[in-house]
file input.cif (mmCIF, C-alpha atoms and all ligand atoms)
data_start
#
loop_
_atom_site.label_atom_id
_atom_site.label_comp_id
_atom_site.auth_asym_id
_atom_site.auth_seq_id
_atom_site.Cartn_x
_atom_site.Cartn_y
_atom_site.Cartn_z
CA MET A 1 120.26 168.27 100.54
CA LYS A 2 123.65 167.98 98.84
CA PHE A 3 124.08 166.44 95.40
CA SER A 4 125.21 162.91 96.35
CA THR A 5 122.48 162.56 98.96
CA LYS A 6 119.83 163.55 96.42
CA ALA A 7 121.36 161.21 93.84
CA VAL A 8 121.01 158.29 96.25
CA HIS A 9 117.68 159.07 97.91
CA SER A 10 115.46 161.34 95.81
CA GLY A 11 112.41 159.55 94.45
CA GLU A 12 113.16 156.39 96.41
CA GLN A 13 111.78 156.57 99.94
CA PRO A 14 111.05 153.07 101.36
CA ASP A 15 107.36 152.19 101.06
CA PHE A 16 106.57 150.47 104.37
CA LYS A 17 103.08 149.42 103.25
CA SER A 18 104.57 147.21 100.57
CA GLY A 19 107.48 145.76 102.59
CA GLY A 20 109.88 148.68 102.79
CA ASP A 21 111.99 148.12 99.67
CA VAL A 22 115.16 150.21 99.93
CA VAL A 23 115.45 150.18 96.13
CA SER A 24 112.53 151.15 93.87
CA PRO A 25 110.89 148.00 92.54
CA ILE A 26 110.66 147.52 88.76
CA HIS A 27 106.95 147.85 88.01
CA LEU A 28 106.49 145.97 84.75
CA SER A 29 102.70 146.06 84.63
CA ALA A 30 101.51 147.76 81.45
CA THR A 31 98.07 148.40 82.92
CA PHE A 32 96.53 148.80 86.38
CA ALA A 33 93.24 147.32 87.55
CA ARG A 34 90.60 149.40 89.25
CA ARG A 35 87.64 148.38 91.44
CA GLU A 36 85.22 150.92 90.00
CA VAL A 37 85.04 152.58 86.60
CA ASP A 38 85.85 156.06 87.84
CA LYS A 39 88.48 155.53 90.52
CA PRO A 40 91.84 154.04 89.50
CA PRO A 41 93.82 153.20 92.66
CA LYS A 42 96.69 155.68 93.18
CA GLY A 43 95.67 157.31 89.90
CA LEU A 44 97.50 154.68 87.84
CA GLU A 45 95.85 153.71 84.56
CA TYR A 46 98.33 152.68 81.89
CA SER A 47 102.15 152.66 81.87
CA ARG A 48 102.68 154.98 78.89
CA THR A 49 100.79 157.63 80.84
CA GLU A 50 102.33 156.93 84.24
CA ASN A 51 104.43 154.15 85.71
CA PRO A 52 105.70 154.00 89.33
CA THR A 53 109.29 153.13 88.38
CA ARG A 54 109.38 155.97 85.85
CA SER A 55 107.85 158.36 88.40
CA ALA A 56 110.62 157.48 90.89
CA LEU A 57 113.25 158.17 88.22
CA GLU A 58 111.59 161.43 87.21
CA LYS A 59 111.67 162.67 90.82
CA LYS A 60 115.35 161.84 91.03
CA LEU A 61 116.12 163.53 87.69
CA ALA A 62 114.34 166.71 88.79
CA ALA A 63 116.28 166.74 92.07
CA LEU A 64 119.63 166.37 90.27
CA GLU A 65 119.06 169.60 88.30
CA ASN A 66 117.31 171.40 91.18
CA ALA A 67 114.26 171.51 88.91
CA LYS A 68 110.61 171.37 89.93
CA PHE A 69 109.85 168.76 87.27
CA GLY A 70 111.60 165.94 85.45
CA LEU A 71 110.40 163.77 82.59
CA ALA A 72 112.06 160.59 81.35
CA PHE A 73 112.15 159.51 77.70
CA SER A 74 113.26 156.45 75.75
CA SER A 75 116.38 158.25 74.43
CA GLY A 76 118.04 161.64 74.44
CA MET A 77 116.70 162.24 70.92
CA ALA A 78 113.16 161.35 72.05
CA ALA A 79 113.50 163.93 74.84
CA GLU A 80 114.75 166.57 72.39
CA ALA A 81 112.11 165.86 69.75
CA THR A 82 109.23 165.85 72.24
CA LEU A 83 110.42 169.09 73.84
CA LEU A 84 110.85 170.85 70.48
CA LEU A 85 107.48 169.59 69.21
CA THR A 86 105.92 171.04 72.35
CA ILE A 87 107.40 174.50 71.80
CA LEU A 88 107.67 174.95 68.02
CA SER A 89 105.06 175.54 65.32
CA GLU A 90 105.30 175.90 61.55
CA GLY A 91 107.28 178.99 60.55
CA ASP A 92 109.22 179.24 63.82
CA HIS A 93 112.96 179.79 64.01
CA VAL A 94 115.66 178.23 66.19
CA VAL A 95 119.11 179.61 66.99
CA ALA A 96 121.61 176.86 67.85
CA GLY A 97 125.31 176.61 68.56
CA ASP A 98 127.27 175.59 65.44
CA ASP A 99 129.29 172.93 67.28
CA LEU A 100 126.58 170.64 68.59
CA TYR A 101 125.70 166.99 68.81
CA GLY A 102 125.35 165.64 65.25
CA GLY A 103 121.99 163.99 66.02
CA THR A 104 120.50 167.27 67.23
CA ARG A 105 121.55 168.98 64.03
CA ARG A 106 120.08 166.11 61.99
CA LEU A 107 116.80 166.38 63.91
CA LEU A 108 116.58 170.11 63.20
CA GLU A 109 117.69 169.85 59.56
CA THR A 110 115.52 166.89 58.50
CA THR A 111 112.52 166.32 60.73
CA PHE A 112 111.86 169.91 61.79
CA ARG A 113 112.83 171.71 58.58
CA LYS A 114 110.22 169.60 56.80
CA PHE A 115 107.57 171.22 58.99
CA GLY A 116 108.75 174.73 58.17
CA VAL A 117 111.01 175.26 61.19
CA SER A 118 114.35 176.84 60.25
CA THR A 119 117.56 176.93 62.28
CA SER A 120 120.51 179.33 62.26
CA TYR A 121 123.83 178.01 63.59
CA VAL A 122 126.09 180.49 65.31
CA ASP A 123 129.32 180.51 67.29
CA SER A 124 127.75 180.55 70.74
CA ARG A 125 131.07 181.38 72.41
CA HIS A 126 130.10 184.96 71.61
CA THR A 127 126.81 185.94 73.26
CA THR A 128 126.39 188.78 70.74
CA MET A 129 126.46 186.29 67.83
CA VAL A 130 123.50 184.53 69.44
CA THR A 131 121.53 187.71 70.13
CA LYS A 132 122.21 189.04 66.61
CA ALA A 133 120.69 185.88 65.14
CA LEU A 134 117.39 186.30 67.03
CA THR A 135 114.46 187.28 64.80
CA ARG A 136 110.78 187.93 65.45
CA LYS A 137 110.22 184.27 64.58
CA THR A 138 112.81 182.85 66.98
CA LYS A 139 111.23 180.65 69.65
CA VAL A 140 114.19 178.62 70.91
CA VAL A 141 117.89 179.11 71.62
CA TRP A 142 119.59 175.71 71.78
CA LEU A 143 122.94 175.47 73.60
CA GLU A 144 125.53 172.86 74.41
CA SER A 145 128.36 173.60 76.81
CA PRO A 146 130.90 172.07 76.72
CA SER A 147 130.16 171.53 73.04
CA ASN A 148 130.62 168.38 71.05
CA PRO A 149 133.33 167.62 69.99
CA LEU A 150 135.39 170.82 70.35
CA MET A 151 134.68 171.40 74.04
CA ARG A 152 133.79 175.06 73.52
CA ILE A 153 132.13 176.86 76.39
CA CYS A 154 129.30 179.34 76.04
CA ASP A 155 128.18 181.79 78.70
CA ILE A 156 124.87 180.16 79.62
CA ARG A 157 123.83 182.93 82.00
CA SER A 158 124.31 185.80 79.59
CA ILE A 159 122.69 183.96 76.65
CA ALA A 160 119.73 182.77 78.74
CA ASN A 161 119.23 186.34 80.00
CA ALA A 162 119.32 187.79 76.50
CA ALA A 163 116.93 185.11 75.22
CA SER A 164 114.44 185.70 78.01
CA LYS A 165 114.47 189.47 77.32
CA HIS A 166 113.30 188.58 73.79
CA GLY A 167 110.69 186.15 75.12
CA VAL A 168 112.69 183.22 73.72
CA VAL A 169 113.02 179.84 75.44
CA SER A 170 116.60 178.71 76.15
CA ILE A 171 117.38 175.00 76.22
CA VAL A 172 120.71 173.54 77.30
CA ASP A 173 121.83 170.03 76.35
CA ASN A 174 123.71 169.31 79.58
CA THR A 175 124.79 165.78 78.65
CA PHE A 176 128.55 166.46 78.59
CA ALA A 177 128.76 168.19 81.97
CA SER A 178 126.10 166.08 83.73
CA PRO A 179 123.97 167.66 86.47
CA CYS A 180 126.79 166.99 88.89
CA LEU A 181 129.07 169.57 87.29
CA GLN A 182 126.71 172.19 85.88
CA ASN A 183 123.10 173.26 86.48
CA PRO A 184 121.87 175.46 83.60
CA LEU A 185 118.47 176.16 85.20
CA GLU A 186 120.27 178.03 87.97
CA LEU A 187 121.99 180.11 85.27
CA GLY A 188 118.60 181.11 83.85
CA ALA A 189 117.92 178.44 81.21
CA THR A 190 114.27 177.43 80.65
CA ALA A 191 114.88 173.69 80.26
CA VAL A 192 117.70 171.16 80.36
CA VAL A 193 117.91 168.00 78.27
CA HIS A 194 120.08 164.97 78.91
CA SER A 195 120.96 161.83 77.11
CA THR A 196 120.84 159.65 80.24
CA THR A 197 122.59 157.03 78.08
CA LYS A 198 125.77 158.94 78.95
CA TYR A 199 126.93 160.11 82.40
CA ILE A 200 123.67 159.78 84.34
CA GLY A 201 123.25 156.10 83.36
CA GLY A 202 127.03 155.88 83.31
CA HIS A 203 127.56 152.22 82.40
CA SER A 204 126.84 152.06 78.65
CA ASP A 205 124.03 149.58 79.29
CA VAL A 206 120.89 151.64 78.70
CA VAL A 207 119.61 154.24 76.23
CA GLY A 208 117.52 157.02 77.75
CA GLY A 209 116.76 160.72 77.83
CA ALA A 210 115.38 163.37 80.14
CA VAL A 211 114.03 166.89 80.30
CA MET A 212 114.21 168.91 83.53
CA LEU A 213 112.48 172.24 83.97
CA SER A 214 110.67 174.42 86.53
CA ASP A 215 108.14 176.21 84.28
CA LYS A 216 104.82 174.69 85.31
CA GLU A 217 102.92 175.59 82.16
CA LEU A 218 105.59 174.23 79.79
CA TYR A 219 105.85 171.11 81.97
CA ALA A 220 102.11 170.46 81.66
CA ARG A 221 102.24 170.70 77.87
CA LEU A 222 105.38 168.55 77.72
CA LYS A 223 103.86 165.88 79.95
CA PHE A 224 100.78 165.85 77.73
CA ASN A 225 103.04 165.26 74.70
CA GLN A 226 105.14 162.66 76.51
CA ASN A 227 101.95 160.60 76.77
CA SER A 228 100.55 161.66 73.43
CA ILE A 229 103.72 160.89 71.45
CA GLY A 230 104.70 157.99 73.69
CA ALA A 231 108.51 157.81 73.52
CA VAL A 232 108.70 156.59 77.13
CA PRO A 233 111.43 154.39 78.65
CA SER A 234 110.68 150.86 79.86
CA PRO A 235 110.57 150.31 83.64
CA ILE A 236 113.74 148.20 83.43
CA ASP A 237 115.54 151.03 81.65
CA CYS A 238 114.26 153.47 84.29
CA PHE A 239 115.70 151.22 86.99
CA LEU A 240 119.11 151.10 85.25
CA VAL A 241 119.26 154.90 84.87
CA MET A 242 118.28 155.29 88.54
CA ARG A 243 120.95 152.85 89.67
CA GLY A 244 123.57 154.66 87.60
CA ALA A 245 122.57 158.08 88.91
CA LYS A 246 123.36 157.07 92.50
CA THR A 247 127.12 157.01 91.84
CA LEU A 248 127.19 160.03 89.51
CA GLN A 249 129.28 162.26 91.78
CA LEU A 250 131.85 159.57 92.56
CA ARG A 251 132.21 158.86 88.88
CA MET A 252 132.38 162.50 87.77
CA GLU A 253 135.17 163.21 90.26
CA ARG A 254 137.22 160.34 88.85
CA HIS A 255 136.32 161.14 85.21
CA SER A 256 137.51 164.73 85.72
CA GLU A 257 140.74 163.66 87.45
CA ASN A 258 141.59 161.12 84.75
CA ALA A 259 140.66 163.48 81.90
CA MET A 260 142.92 166.17 83.35
CA ARG A 261 145.81 163.67 83.36
CA VAL A 262 145.08 162.54 79.81
CA ALA A 263 144.74 166.14 78.57
CA SER A 264 148.02 167.20 80.21
CA TYR A 265 149.80 164.18 78.75
CA LEU A 266 148.50 164.80 75.23
CA LEU A 267 149.32 168.51 75.44
CA ARG A 268 153.01 167.72 75.92
CA HIS A 269 153.15 165.03 73.21
CA PRO A 270 154.97 166.02 70.00
CA LYS A 271 152.50 164.10 67.79
CA VAL A 272 149.55 166.10 69.14
CA ALA A 273 148.87 169.50 67.57
CA ALA A 274 146.14 170.73 69.92
CA VAL A 275 144.13 169.60 72.96
CA HIS A 276 140.63 170.88 73.71
CA TYR A 277 139.77 170.47 77.40
CA PRO A 278 138.18 173.16 79.58
CA GLY A 279 140.30 172.08 82.55
CA LEU A 280 143.53 173.18 80.85
CA PRO A 281 144.63 176.76 81.59
CA SER A 282 145.42 176.97 77.84
CA HIS A 283 141.70 176.51 76.97
CA PRO A 284 140.48 179.90 75.66
CA GLN A 285 137.48 179.86 78.03
CA HIS A 286 139.13 178.22 81.00
CA GLY A 287 138.01 181.04 83.31
CA LEU A 288 134.38 180.86 82.20
CA ALA A 289 134.44 177.06 82.56
CA GLU A 290 135.72 177.44 86.12
CA ARG A 291 132.89 179.82 87.00
CA GLN A 292 130.18 177.82 85.26
CA MET A 293 131.20 174.25 86.07
CA ARG A 294 132.22 172.54 89.33
CA ALA A 295 134.86 170.45 87.50
CA PRO A 296 135.88 170.14 83.84
CA GLY A 297 134.44 166.64 83.28
CA GLY A 298 135.57 163.56 81.40
CA MET A 299 135.34 164.66 77.76
CA LEU A 300 138.16 166.08 75.65
CA SER A 301 139.32 166.13 72.07
CA ALA A 302 142.73 166.36 70.47
CA GLU A 303 144.13 167.06 67.04
CA LEU A 304 146.74 164.59 65.87
CA ARG A 305 149.45 165.54 63.44
CA GLY A 306 149.49 163.58 60.19
CA GLY A 307 145.77 163.75 59.28
CA LEU A 308 143.54 160.76 58.62
CA PRO A 309 146.30 158.13 58.04
CA ALA A 310 147.92 158.94 61.41
CA VAL A 311 144.53 158.94 63.14
CA LYS A 312 143.65 155.54 61.68
CA ARG A 313 146.94 154.01 62.84
CA PHE A 314 146.51 155.51 66.30
CA LEU A 315 142.90 154.33 66.71
CA GLY A 316 143.78 150.85 65.49
CA ARG A 317 146.46 150.44 68.16
CA LEU A 318 144.54 151.56 71.24
CA ARG A 319 143.68 148.70 73.61
CA THR A 320 142.21 150.08 76.85
CA PHE A 321 140.29 152.80 74.97
CA SER A 322 137.59 151.20 72.80
CA LEU A 323 136.78 152.77 69.44
CA ALA A 324 133.05 153.36 69.77
CA GLU A 325 130.40 156.02 69.57
CA SER A 326 128.77 157.25 72.77
CA LEU A 327 130.42 158.52 75.93
CA GLY A 328 130.02 158.95 79.65
CA GLY A 329 130.41 155.30 80.69
CA VAL A 330 132.86 153.88 83.21
CA GLU A 331 135.00 152.54 80.35
CA SER A 332 137.21 154.79 78.24
CA LEU A 333 136.04 155.32 74.67
CA VAL A 334 137.53 157.06 71.70
CA ASP A 335 135.65 158.45 68.70
CA HIS A 336 136.58 159.89 65.32
CA PRO A 337 133.93 162.62 64.86
CA ALA A 338 134.52 163.21 61.12
CA THR A 339 133.67 159.60 60.19
CA MET A 340 131.57 158.50 63.21
CA THR A 341 129.43 160.75 65.43
CA HIS A 342 129.49 163.78 63.10
CA SER A 343 129.39 162.04 59.72
CA SER A 344 125.82 163.32 59.20
CA VAL A 345 127.14 166.91 59.29
CA PRO A 346 128.13 168.06 55.76
CA ALA A 347 131.93 168.14 55.28
CA SER A 348 131.92 171.86 54.45
CA GLU A 349 130.08 172.64 57.70
CA ARG A 350 132.42 170.38 59.68
CA GLU A 351 135.51 172.14 58.36
CA LYS A 352 133.99 175.54 58.98
CA VAL A 353 133.55 174.84 62.71
CA GLY A 354 136.88 173.02 63.02
CA VAL A 355 135.97 169.32 63.12
CA SER A 356 138.99 168.20 61.08
CA ASP A 357 139.97 164.70 59.95
CA GLY A 358 142.74 164.78 62.57
CA LEU A 359 140.35 165.37 65.46
CA VAL A 360 139.89 162.54 67.97
CA ARG A 361 137.38 162.69 70.83
CA PHE A 362 138.02 160.93 74.14
CA SER A 363 135.51 159.89 76.76
CA VAL A 364 137.89 159.24 79.62
CA GLY A 365 136.61 156.48 81.91
CA ILE A 366 137.23 155.67 85.55
CA GLU A 367 140.04 153.12 85.04
CA ASP A 368 143.45 153.69 86.65
CA SER A 369 144.96 156.68 84.87
CA GLU A 370 148.38 155.00 84.63
CA ASP A 371 146.90 152.32 82.40
CA LEU A 372 145.16 154.94 80.27
CA LEU A 373 148.36 156.94 79.78
CA ALA A 374 150.32 153.77 78.97
CA ASP A 375 147.76 152.86 76.30
CA LEU A 376 147.96 156.33 74.72
CA LYS A 377 151.74 156.23 74.86
CA GLN A 378 152.08 152.94 72.97
CA ALA A 379 149.44 153.89 70.39
CA LEU A 380 151.04 157.28 69.71
CA ARG A 381 154.45 155.62 69.41
C1 LIG B 1 124.12 161.06 72.89
C2 LIG B 1 123.74 162.46 72.90
C3 LIG B 1 122.44 162.86 72.55
C4 LIG B 1 121.38 161.90 72.07
O1 LIG B 1 121.04 160.97 73.05
P1 LIG B 1 120.56 159.46 72.76
O2 LIG B 1 120.33 158.91 74.11
O3 LIG B 1 121.67 158.79 72.01
O4 LIG B 1 119.33 159.56 71.93
C5 LIG B 1 122.15 164.20 72.62
N1 LIG B 1 123.07 165.12 72.99
C6 LIG B 1 124.32 164.78 73.32
C7 LIG B 1 125.29 165.82 73.73
C8 LIG B 1 124.70 163.44 73.28
O5 LIG B 1 125.96 163.11 73.60
#

call {"tool": "encode", "arguments": {"input": "input.cif", "output": "structure tokens"}}
result
Amino acid sequence: MKFSTKAVHSGEQPDFKSGGDVVSPIHLSATFARREVDKPPKGLEYSRTENPTRSALEKKLAALENAKFGLAFSSGMAAEATLLLTILSEGDHVVAGDDLYGGTRRLLETTFRKFGVSTSYVDSRHTTMVTKALTRKTKVVWLESPSNPLMRICDIRSIANAASKHGVVSIVDNTFASPCLQNPLELGATAVVHSTTKYIGGHSDVVGGAVMLSDKELYARLKFNQNSIGAVPSPIDCFLVMRGAKTLQLRMERHSENAMRVASYLLRHPKVAAVHYPGLPSHPQHGLAERQMRAPGGMLSAELRGGLPAVKRFLGRLRTFSLAESLGGVESLVDHPATMTHSSVPASEREKVGVSDGLVRFSVGIEDSEDLLADLKQALR
């Protein structure tokens, strides 16, 4: 089955015994009655452990990444934390890209460091930098591509291969690309995580997370911890993520088209010093992005001339773009990483990787691109 067909149908076959709903019903029941002590009907016991609406979503999520298994969580961070808790023990080591989601870095540096897990951050654009950082204690390589907020691309296949030769698990945060544009499991990654809050949900109206993987043994341990730790999404949230997922391909096509127009416009503008977008031929890894992704997606960042004062004036004048954290919704958003999404990253670290005060990140929505360009034009003026 092709992507859009799976997005619409996977996990949601009509159940003719219960009336043939075309859309998965929202099963709000927290618990399920049984007739005898030892035989719960359909195996359902309690909604933290298993819930029919969540099961439908999990089937769909697995299908989107061509994975054998999918698990849904109450947020992207809950998915990341549960997955890492499942794999890591005291004394273990993680190698992560140095340009990654601020919350992931915070999770590794606060919560996990406290339990004796250390992390090395490397420039994952160079596979050799990743392999050089592997030690006998390394258990996980954590990747993001495109990265946040500099839109750097790493070679998922070569890094996943190198990691697996060392017996190391590779995890890709695939939130920026979405499963529509990139499937890391097919490139050799062990597991994929998503903040379904972003493109999969797609409407900025639900917070959720997911892990997709095909390793049966890791899945079993992760599912045990999903129940044991309990960061599960509500059935209503599962429904919203499922509804969003159905239009993922339509949206990603439009996001990519609009982002390409915005990137090209900014590239030519005299007040813009640099544009980071994998769809531009000027992007240093444009070729790799073309091989690894089906389209360049809706995220980009740009460096404005004039530093923080210029950025503040620009952000204050935008009208169609809303100044807000998050990304991946139908509406266009703009973010100032240094003071917003990446403020938890120490300033020295931020400067080292290139997240300057002049950097602005755009999540280009599905509005008419003429209106988006007009908004940028007046704000830059
Ligand atoms: C938002 C985001 C997360 C965290 O997801 P939440 O749903 O906000 O918990 C993780 N990784 C990336 C790349 C994100 O954009």

call {"tool": "atom_distance", "arguments": {"input": "input.cif", "atom1": "CA of Ser120 in chain A", "atom2": "CA of Leu71 in chain A"}}
result
27.5 Å

call {"tool": "residues_near_point", "arguments": {"input": "input.cif", "point": "(131.8, 167.1, 88.4)", "cutoff": "7 Å", "atoms": "all atoms listed in the file", "output": "ChimeraX atom specification"}}
result
/A:180-181,249,252-253,256,294-297

call {"tool": "closest_atom_pairs", "arguments": {"input": "input.cif", "of": "chain A", "to": "ligand LIG 1 (chain B)", "cutoff": "10 Å", "atoms": "all atoms listed in the file", "output": "JSON lines"}}
result
{"residue": "A:Phe73", "atom": "CA", "partner": "B:LIG1", "partner_atom": "O2", "distance": 9.0}
{"residue": "A:Ser74", "atom": "CA", "partner": "B:LIG1", "partner_atom": "O2", "distance": 7.7}
{"residue": "A:Ser75", "atom": "CA", "partner": "B:LIG1", "partner_atom": "O2", "distance": 4.0}
{"residue": "A:Gly76", "atom": "CA", "partner": "B:LIG1", "partner_atom": "O1", "distance": 3.4}
{"residue": "A:Met77", "atom": "CA", "partner": "B:LIG1", "partner_atom": "O4", "distance": 3.9}
{"residue": "A:Ala78", "atom": "CA", "partner": "B:LIG1", "partner_atom": "O4", "distance": 6.4}
{"residue": "A:Ala79", "atom": "CA", "partner": "B:LIG1", "partner_atom": "O4", "distance": 7.8}
{"residue": "A:Glu80", "atom": "CA", "partner": "B:LIG1", "partner_atom": "C5", "distance": 7.8}
{"residue": "A:Ala81", "atom": "CA", "partner": "B:LIG1", "partner_atom": "O4", "distance": 9.8}
{"residue": "A:Leu100", "atom": "CA", "partner": "B:LIG1", "partner_atom": "C7", "distance": 7.2}
{"residue": "A:Tyr101", "atom": "CA", "partner": "B:LIG1", "partner_atom": "C7", "distance": 5.1}
{"residue": "A:Gly102", "atom": "CA", "partner": "B:LIG1", "partner_atom": "N1", "distance": 8.1}
{"residue": "A:Gly103", "atom": "CA", "partner": "B:LIG1", "partner_atom": "C4", "distance": 6.4}
{"residue": "A:Thr104", "atom": "CA", "partner": "B:LIG1", "partner_atom": "C5", "distance": 6.4}
{"residue": "A:Arg105", "atom": "CA", "partner": "B:LIG1", "partner_atom": "C5", "distance": 9.8}
{"residue": "A:Leu143", "atom": "CA", "partner": "B:LIG1", "partner_atom": "C7", "distance": 9.9}
{"residue": "A:Glu144", "atom": "CA", "partner": "B:LIG1", "partner_atom": "C7", "distance": 7.1}
{"residue": "A:Ser145", "atom": "CA", "partner": "B:LIG1", "partner_atom": "C7", "distance": 8.9}
{"residue": "A:Pro146", "atom": "CA", "partner": "B:LIG1", "partner_atom": "C7", "distance": 8.9}
{"residue": "A:Ser147", "atom": "CA", "partner": "B:LIG1", "partner_atom": "C7", "distance": 7.5}
{"residue": "A:Asn148", "atom": "CA", "partner": "B:LIG1", "partner_atom": "C7", "distance": 6.5}
{"residue": "A:Pro149", "atom": "CA", "partner": "B:LIG1", "partner_atom": "C7", "distance": 9.0}
{"residue": "A:Val172", "atom": "CA", "partner": "B:LIG1", "partner_atom": "C7", "distance": 9.7}
{"residue": "A:Asp173", "atom": "CA", "partner": "B:LIG1", "partner_atom": "C7", "distance": 6.0}
{"residue": "A:Asn174", "atom": "CA", "partner": "B:LIG1", "partner_atom": "C7", "distance": 7.0}
{"residue": "A:Thr175", "atom": "CA", "partner": "B:LIG1", "partner_atom": "C7", "distance": 4.9}
{"residue": "A:Phe176", "atom": "CA", "partner": "B:LIG1", "partner_atom": "C7", "distance": 5.9}
{"residue": "A:Ala177", "atom": "CA", "partner": "B:LIG1", "partner_atom": "C7", "distance": 9.2}
{"residue": "A:Val193", "atom": "CA", "partner": "B:LIG1", "partner_atom": "N1", "distance": 7.9}
{"residue": "A:His194", "atom": "CA", "partner": "B:LIG1", "partner_atom": "N1", "distance": 6.6}
{"residue": "A:Ser195", "atom": "CA", "partner": "B:LIG1", "partner_atom": "O1", "distance": 4.2}
{"residue": "A:Thr196", "atom": "CA", "partner": "B:LIG1", "partner_atom": "O2", "distance": 6.2}
{"residue": "A:Thr197", "atom": "CA", "partner": "B:LIG1", "partner_atom": "O2", "distance": 4.9}
{"residue": "A:Lys198", "atom": "CA", "partner": "B:LIG1", "partner_atom": "C1", "distance": 6.6}
{"residue": "A:Tyr199", "atom": "CA", "partner": "B:LIG1", "partner_atom": "O5", "distance": 9.3}
{"residue": "A:Val206", "atom": "CA", "partner": "B:LIG1", "partner_atom": "O2", "distance": 8.6}
{"residue": "A:Val207", "atom": "CA", "partner": "B:LIG1", "partner_atom": "O2", "distance": 5.2}
{"residue": "A:Gly208", "atom": "CA", "partner": "B:LIG1", "partner_atom": "O2", "distance": 5.0}
{"residue": "A:Gly209", "atom": "CA", "partner": "B:LIG1", "partner_atom": "O2", "distance": 5.5}
{"residue": "A:Ala210", "atom": "CA", "partner": "B:LIG1", "partner_atom": "O2", "distance": 9.0}
{"residue": "A:Glu325", "atom": "CA", "partner": "B:LIG1", "partner_atom": "C1", "distance": 8.7}
{"residue": "A:Ser326", "atom": "CA", "partner": "B:LIG1", "partner_atom": "C1", "distance": 6.0}
{"residue": "A:Leu327", "atom": "CA", "partner": "B:LIG1", "partner_atom": "O5", "distance": 6.8}
{"residue": "A:Gly328", "atom": "CA", "partner": "B:LIG1", "partner_atom": "O5", "distance": 8.4}
{"residue": "A:Thr341", "atom": "CA", "partner": "B:LIG1", "partner_atom": "C1", "distance": 9.2}

call {"tool": "write_last_selection", "arguments": {"input": "input.cif", "atoms": "C-alpha atoms", "output": "mmCIF file, in the coordinates of the input"}}
result
data_model
loop_
_atom_site.group_PDB
_atom_site.id
_atom_site.type_symbol
_atom_site.label_atom_id
_atom_site.label_comp_id
_atom_site.auth_asym_id
_atom_site.auth_seq_id
_atom_site.Cartn_x
_atom_site.Cartn_y
_atom_site.Cartn_z
ATOM 1 C CA PHE A 73 112.150 159.510 77.700
ATOM 2 C CA SER A 74 113.260 156.450 75.750
ATOM 3 C CA SER A 75 116.380 158.250 74.430
ATOM 4 C CA GLY A 76 118.040 161.640 74.440
ATOM 5 C CA MET A 77 116.700 162.240 70.920
ATOM 6 C CA ALA A 78 113.160 161.350 72.050
ATOM 7 C CA ALA A 79 113.500 163.930 74.840
ATOM 8 C CA GLU A 80 114.750 166.570 72.390
ATOM 9 C CA ALA A 81 112.110 165.860 69.750
ATOM 10 C CA LEU A 100 126.580 170.640 68.590
ATOM 11 C CA TYR A 101 125.700 166.990 68.810
ATOM 12 C CA GLY A 102 125.350 165.640 65.250
ATOM 13 C CA GLY A 103 121.990 163.990 66.020
ATOM 14 C CA THR A 104 120.500 167.270 67.230
ATOM 15 C CA ARG A 105 121.550 168.980 64.030
ATOM 16 C CA LEU A 143 122.940 175.470 73.600
ATOM 17 C CA GLU A 144 125.530 172.860 74.410
ATOM 18 C CA SER A 145 128.360 173.600 76.810
ATOM 19 C CA PRO A 146 130.900 172.070 76.720
ATOM 20 C CA SER A 147 130.160 171.530 73.040
ATOM 21 C CA ASN A 148 130.620 168.380 71.050
ATOM 22 C CA PRO A 149 133.330 167.620 69.990
ATOM 23 C CA VAL A 172 120.710 173.540 77.300
ATOM 24 C CA ASP A 173 121.830 170.030 76.350
ATOM 25 C CA ASN A 174 123.710 169.310 79.580
ATOM 26 C CA THR A 175 124.790 165.780 78.650
ATOM 27 C CA PHE A 176 128.550 166.460 78.590
ATOM 28 C CA ALA A 177 128.760 168.190 81.970
ATOM 29 C CA VAL A 193 117.910 168.000 78.270
ATOM 30 C CA HIS A 194 120.080 164.970 78.910
ATOM 31 C CA SER A 195 120.960 161.830 77.110
ATOM 32 C CA THR A 196 120.840 159.650 80.240
ATOM 33 C CA THR A 197 122.590 157.030 78.080
ATOM 34 C CA LYS A 198 125.770 158.940 78.950
ATOM 35 C CA TYR A 199 126.930 160.110 82.400
ATOM 36 C CA VAL A 206 120.890 151.640 78.700
ATOM 37 C CA VAL A 207 119.610 154.240 76.230
ATOM 38 C CA GLY A 208 117.520 157.020 77.750
ATOM 39 C CA GLY A 209 116.760 160.720 77.830
ATOM 40 C CA ALA A 210 115.380 163.370 80.140
ATOM 41 C CA GLU A 325 130.400 156.020 69.570
ATOM 42 C CA SER A 326 128.770 157.250 72.770
ATOM 43 C CA LEU A 327 130.420 158.520 75.930
ATOM 44 C CA GLY A 328 130.020 158.950 79.650
ATOM 45 C CA THR A 341 129.430 160.750 65.430
#

call {"tool": "residues_around", "arguments": {"input": "input.cif", "residues": "Phe115 in chain A", "least_positions_apart": "5", "cutoff": "9 Å", "atoms": "all atoms listed in the file", "output": "PDB file with C-alpha atoms, in the coordinates of the input"}}
result
ATOM      1  CA  SER A  89     105.060 175.540  65.320  1.00  0.00           C
ATOM      2  CA  GLU A  90     105.300 175.900  61.550  1.00  0.00           C
ATOM      3  CA  GLY A  91     107.280 178.990  60.550  1.00  0.00           C
TER       4      GLY A  91
END

call {"tool": "closest_residue", "arguments": {"input": "input.cif", "among": "A:Ser363, A:Gln182, A:Ser332, A:Ser264", "to": "Gln292 in chain A", "atoms": "all atoms listed in the file"}}
result
A:Gln182

call {"tool": "residues_around", "arguments": {"input": "input.cif", "residues": "Val360 in chain A", "least_positions_apart": "6", "cutoff": "8 Å", "atoms": "only C-alpha atoms", "output": "list in words"}}
result
Ser301, Ala302, Glu303, Leu304, Val311, Val334, Asp335, His336 and Pro337 of chain A
